[in-house]
$ cat final_35.cif   # mmCIF, C-alpha atoms
data_work
loop_
_atom_site.label_atom_id
_atom_site.label_comp_id
_atom_site.auth_asym_id
_atom_site.auth_seq_id
_atom_site.Cartn_x
_atom_site.Cartn_y
_atom_site.Cartn_z
CA MET A 1 0.00 0.00 0.00
CA THR A 2 1.46 3.37 -0.95
CA ASN A 3 0.92 6.60 0.96
CA THR A 4 -1.73 7.61 -1.54
CA ASP A 5 -3.68 4.39 -0.86
CA ARG A 6 -3.97 4.99 2.88
CA PRO A 7 -7.13 6.48 4.30
CA ALA A 8 -6.87 10.14 5.22
CA LYS A 9 -6.06 10.84 8.85
CA SER A 10 -9.00 11.96 10.92
CA THR A 11 -8.96 15.62 11.90
CA PHE A 12 -10.80 14.84 15.15
CA GLU A 13 -8.49 15.70 18.00
CA GLY A 14 -10.76 14.80 20.91
CA PHE A 15 -12.38 17.01 23.47
CA THR A 16 -11.04 20.42 24.42
CA ASP A 17 -9.72 21.01 27.92
CA GLU A 18 -12.89 23.00 28.65
CA GLU A 19 -15.14 20.15 27.45
CA ARG A 20 -13.22 17.60 29.55
CA ALA A 21 -13.53 19.89 32.59
CA ALA A 22 -17.29 20.19 32.02
CA MET A 23 -17.63 16.40 31.88
CA LYS A 24 -15.64 16.06 35.12
CA ASP A 25 -17.90 18.69 36.71
CA HIS A 26 -20.95 16.70 35.65
CA ALA A 27 -19.54 13.48 37.14
CA LYS A 28 -18.92 15.29 40.47
CA GLU A 29 -22.47 16.71 40.36
CA LEU A 30 -23.95 13.23 39.90
CA LYS A 31 -21.90 11.80 42.78
CA ALA A 32 -22.84 14.68 45.09
CA SER A 33 -26.51 14.33 44.17
CA ALA A 34 -26.47 10.62 45.01
CA ARG A 35 -25.05 11.34 48.48
CA ARG A 36 -27.62 13.94 49.50
CA GLY A 37 -30.35 13.11 52.00
CA SER A 38 -33.93 14.35 52.00
CA ARG A 39 -35.53 16.12 49.05
CA ALA A 40 -35.56 19.43 50.95
CA ASP A 41 -31.89 19.06 51.91
CA LYS A 42 -31.02 18.16 48.33
CA ALA A 43 -32.85 21.22 46.96
CA ALA A 44 -31.13 23.55 49.43
CA GLU A 45 -27.71 22.08 48.67
CA GLU A 46 -28.32 22.26 44.90
CA GLU A 47 -29.25 25.94 45.13
CA ALA A 48 -26.24 26.65 47.36
CA SER A 49 -24.02 24.95 44.75
CA VAL A 50 -25.50 27.14 42.00
CA VAL A 51 -25.01 30.32 44.04
CA ALA A 52 -21.41 29.30 44.83
CA LYS A 53 -20.68 28.58 41.15
CA ILE A 54 -22.10 31.98 40.17
CA ALA A 55 -19.91 33.66 42.81
CA GLU A 56 -16.80 32.13 41.16
CA MET A 57 -17.54 33.75 37.78
CA GLN A 58 -15.77 36.78 36.37
CA ASP A 59 -17.52 40.06 37.17
CA SER A 60 -19.52 40.63 33.98
CA ASP A 61 -20.76 37.02 33.79
CA ARG A 62 -21.36 36.88 37.54
CA VAL A 63 -23.60 39.97 37.45
CA MET A 64 -25.66 38.50 34.60
CA ALA A 65 -25.85 35.05 36.22
CA GLU A 66 -27.00 36.51 39.54
CA ARG A 67 -29.74 38.47 37.81
CA ILE A 68 -30.83 35.50 35.69
CA HIS A 69 -30.96 33.37 38.85
CA GLU A 70 -33.32 35.95 40.39
CA ILE A 71 -35.43 36.15 37.22
CA VAL A 72 -35.79 32.37 36.94
CA LYS A 73 -36.77 32.00 40.59
CA ALA A 74 -39.39 34.76 40.27
CA SER A 75 -40.73 33.75 36.83
CA ALA A 76 -40.72 29.99 37.24
CA PRO A 77 -40.64 29.05 40.93
CA GLY A 78 -41.32 25.43 39.97
CA LEU A 79 -37.89 25.10 38.37
CA ALA A 80 -35.21 23.80 40.71
CA PRO A 81 -31.69 25.27 40.57
CA LYS A 82 -28.94 22.72 40.01
CA LEU A 83 -25.48 22.50 38.52
CA TRP A 84 -25.29 20.96 35.06
CA TYR A 85 -21.84 20.37 33.58
CA GLY A 86 -20.55 23.01 35.99
CA MET A 87 -23.12 25.59 34.86
CA PRO A 88 -26.08 27.07 36.74
CA ALA A 89 -29.19 25.33 35.43
CA TYR A 90 -32.87 25.09 36.30
CA ALA A 91 -34.77 21.81 36.13
CA ARG A 92 -38.29 20.45 36.18
CA ASP A 93 -38.59 16.95 37.64
CA GLY A 94 -34.81 16.60 37.54
CA LYS A 95 -34.52 17.45 33.83
CA VAL A 96 -32.76 20.68 32.83
CA VAL A 97 -35.04 23.24 31.17
CA CYS A 98 -32.64 26.18 30.94
CA PHE A 99 -29.07 27.06 31.85
CA PHE A 100 -26.55 29.90 31.96
CA GLN A 101 -23.14 29.37 30.41
CA SER A 102 -20.52 31.97 31.24
CA ALA A 103 -18.29 33.22 28.44
CA GLU A 104 -15.29 32.01 30.39
CA LYS A 105 -16.57 28.41 30.60
CA PHE A 106 -15.66 27.57 27.01
CA LYS A 107 -13.54 30.67 26.26
CA ALA A 108 -16.38 32.14 24.24
CA ARG A 109 -16.94 35.71 23.16
CA PHE A 110 -20.26 35.94 25.05
CA ALA A 111 -22.29 34.27 27.78
CA THR A 112 -25.26 32.15 26.78
CA LEU A 113 -28.75 31.56 28.11
CA GLY A 114 -29.79 28.20 26.72
CA PHE A 115 -32.90 26.04 26.72
CA SER A 116 -33.04 22.26 26.45
CA ASP A 117 -35.57 20.17 24.60
CA GLN A 118 -37.51 20.05 27.89
CA ALA A 119 -38.40 23.74 27.45
CA HIS A 120 -41.86 24.47 26.13
CA LEU A 121 -40.78 27.08 23.60
CA ASP A 122 -41.96 25.31 20.45
CA GLU A 123 -43.31 27.83 17.98
CA GLY A 124 -43.87 26.76 14.40
CA THR A 125 -41.20 24.65 12.75
CA MET A 126 -38.16 26.61 13.98
CA TRP A 127 -37.33 28.52 17.17
CA PRO A 128 -34.22 29.66 19.06
CA THR A 129 -32.85 27.52 21.88
CA SER A 130 -30.01 29.77 23.04
CA TYR A 131 -29.31 33.47 23.32
CA ALA A 132 -25.97 35.28 23.36
CA LEU A 133 -25.66 37.73 26.25
CA THR A 134 -23.16 40.55 26.57
CA ARG A 135 -25.12 42.51 29.18
CA LEU A 136 -28.67 42.66 30.51
CA THR A 137 -31.03 45.53 29.84
CA ALA A 138 -34.54 45.95 31.23
CA ALA A 139 -35.93 44.75 27.88
CA ASN A 140 -33.62 41.67 27.98
CA GLU A 141 -34.75 40.88 31.51
CA GLU A 142 -38.40 41.11 30.50
CA MET A 143 -37.79 38.81 27.53
CA ILE A 144 -35.90 36.32 29.70
CA ALA A 145 -38.71 36.30 32.26
CA THR A 146 -41.26 35.55 29.52
CA LEU A 147 -39.10 32.85 27.93
CA VAL A 148 -38.43 31.14 31.26
CA LYS A 149 -42.09 31.29 32.27
CA ASN A 150 -43.14 29.76 28.94
CA ALA A 151 -40.35 27.17 29.04
CA ALA A 152 -41.34 26.02 32.52
CA HIS A 153 -45.06 25.44 32.03
#
$ encode --input "final_35.cif" --output "structure tokens"
Amino acid sequence: MTNTDRPAKSTFEGFTDEERAAMKDHAKELKASARRGSRADKAAEEEASVVAKIAEMQDSDRVMAERIHEIVKASAPGLAPKLWYGMPAYARDGKVVCFFQSAEKFKARFATLGFSDQAHLDEGTMWPTSYALTRLTAANEEMIATLVKNAAH
């Protein structure tokens, strides 16, 4: 077989350091969740973990994450805060509905507010499932509150 007969080398280089870190975070979250006691204790510990993770963020992301946390709690009190791959997330019956991803998490240009397939945002044959955030305005906050409320029902 000559060099020209060999299959081309794959360009896949595996997961990035940030992706591997997110997977390790998720494994830790699952282990911690399995160790927790009562449902009330688990909910309190999950929220404390989310608040602690938000506190670790860089200033601009932290300010947005804190505000989004407040908006989600006010707009959709039935969603439970939890960590998901090291990101603040909000779940219904244990399944993530929405999450906040800081720009720093994956060395991105902007933070992201994302919605999973558990979110009730279906409209027509195409709809957005994530939003880039550089800062929050009153209009953004109002839109987020509406989206989260709709996603949670």
$ resolve_selection --input "final_35.cif" --expression "the PyMOL selection byres ((chain A and resi 47) around 12)" --output "PyMOL selection string"
chain A and resi 33+40-46+48-54+69-70+73+79-84+87-91
$ residues_around --input "final_35.cif" --residues "stretch 146-153 of chain A" --least-positions-apart "3" --cutoff "10 Å" --atoms "all atoms listed in the file" --output "MDAnalysis selection string"
chainID A and resid 68 71:79 90:92 97:98 115:122 140:143
$ atom_distance --input "final_35.cif" --atom1 "atom CA of A:Arg67" --atom2 "atom CA of A:Lys95"
21.9 Å
$ atom_distance --input "final_35.cif" --atom1 "atom CA of A:Arg62" --atom2 "atom CA of A:Ser102"
8.0 Å
$ atom_distance --input "final_35.cif" --atom1 "atom CA of A:Arg20" --atom2 "atom CA of A:Glu104"
14.6 Å
$ resolve_selection --input "final_35.cif" --expression "the PyMOL selection byres ((chain A and resi 128-136) around 6)" --output "PyMOL selection string"
chain A and resi 110-115+127+137+140
$ resolve_selection --input "final_35.cif" --expression "the PyMOL selection byres ((chain A and resi 29) around 8)" --output "JSON list (two decimals) with C-alpha atoms, in the frame of the given file"
[["chain", "number", "residue", "atom", "x", "y", "z"],
["A", 25, "ASP", "CA", -17.90, 18.69, 36.71],
["A", 26, "HIS", "CA", -20.95, 16.70, 35.65],
["A", 27, "ALA", "CA", -19.54, 13.48, 37.14],
["A", 28, "LYS", "CA", -18.92, 15.29, 40.47],
["A", 30, "LEU", "CA", -23.95, 13.23, 39.90],
["A", 31, "LYS", "CA", -21.90, 11.80, 42.78],
["A", 32, "ALA", "CA", -22.84, 14.68, 45.09],
["A", 33, "SER", "CA", -26.51, 14.33, 44.17],
["A", 83, "LEU", "CA", -25.48, 22.50, 38.52],
["A", 84, "TRP", "CA", -25.29, 20.96, 35.06],
["A", 85, "TYR", "CA", -21.84, 20.37, 33.58],
["A", 86, "GLY", "CA", -20.55, 23.01, 35.99]]
$ closest_residue --input "final_35.cif" --among "A:Ile144, A:Met126, A:Ala103, A:Ala108" --to "A:Met57" --atoms "only C-alpha atoms"
A:Ala103
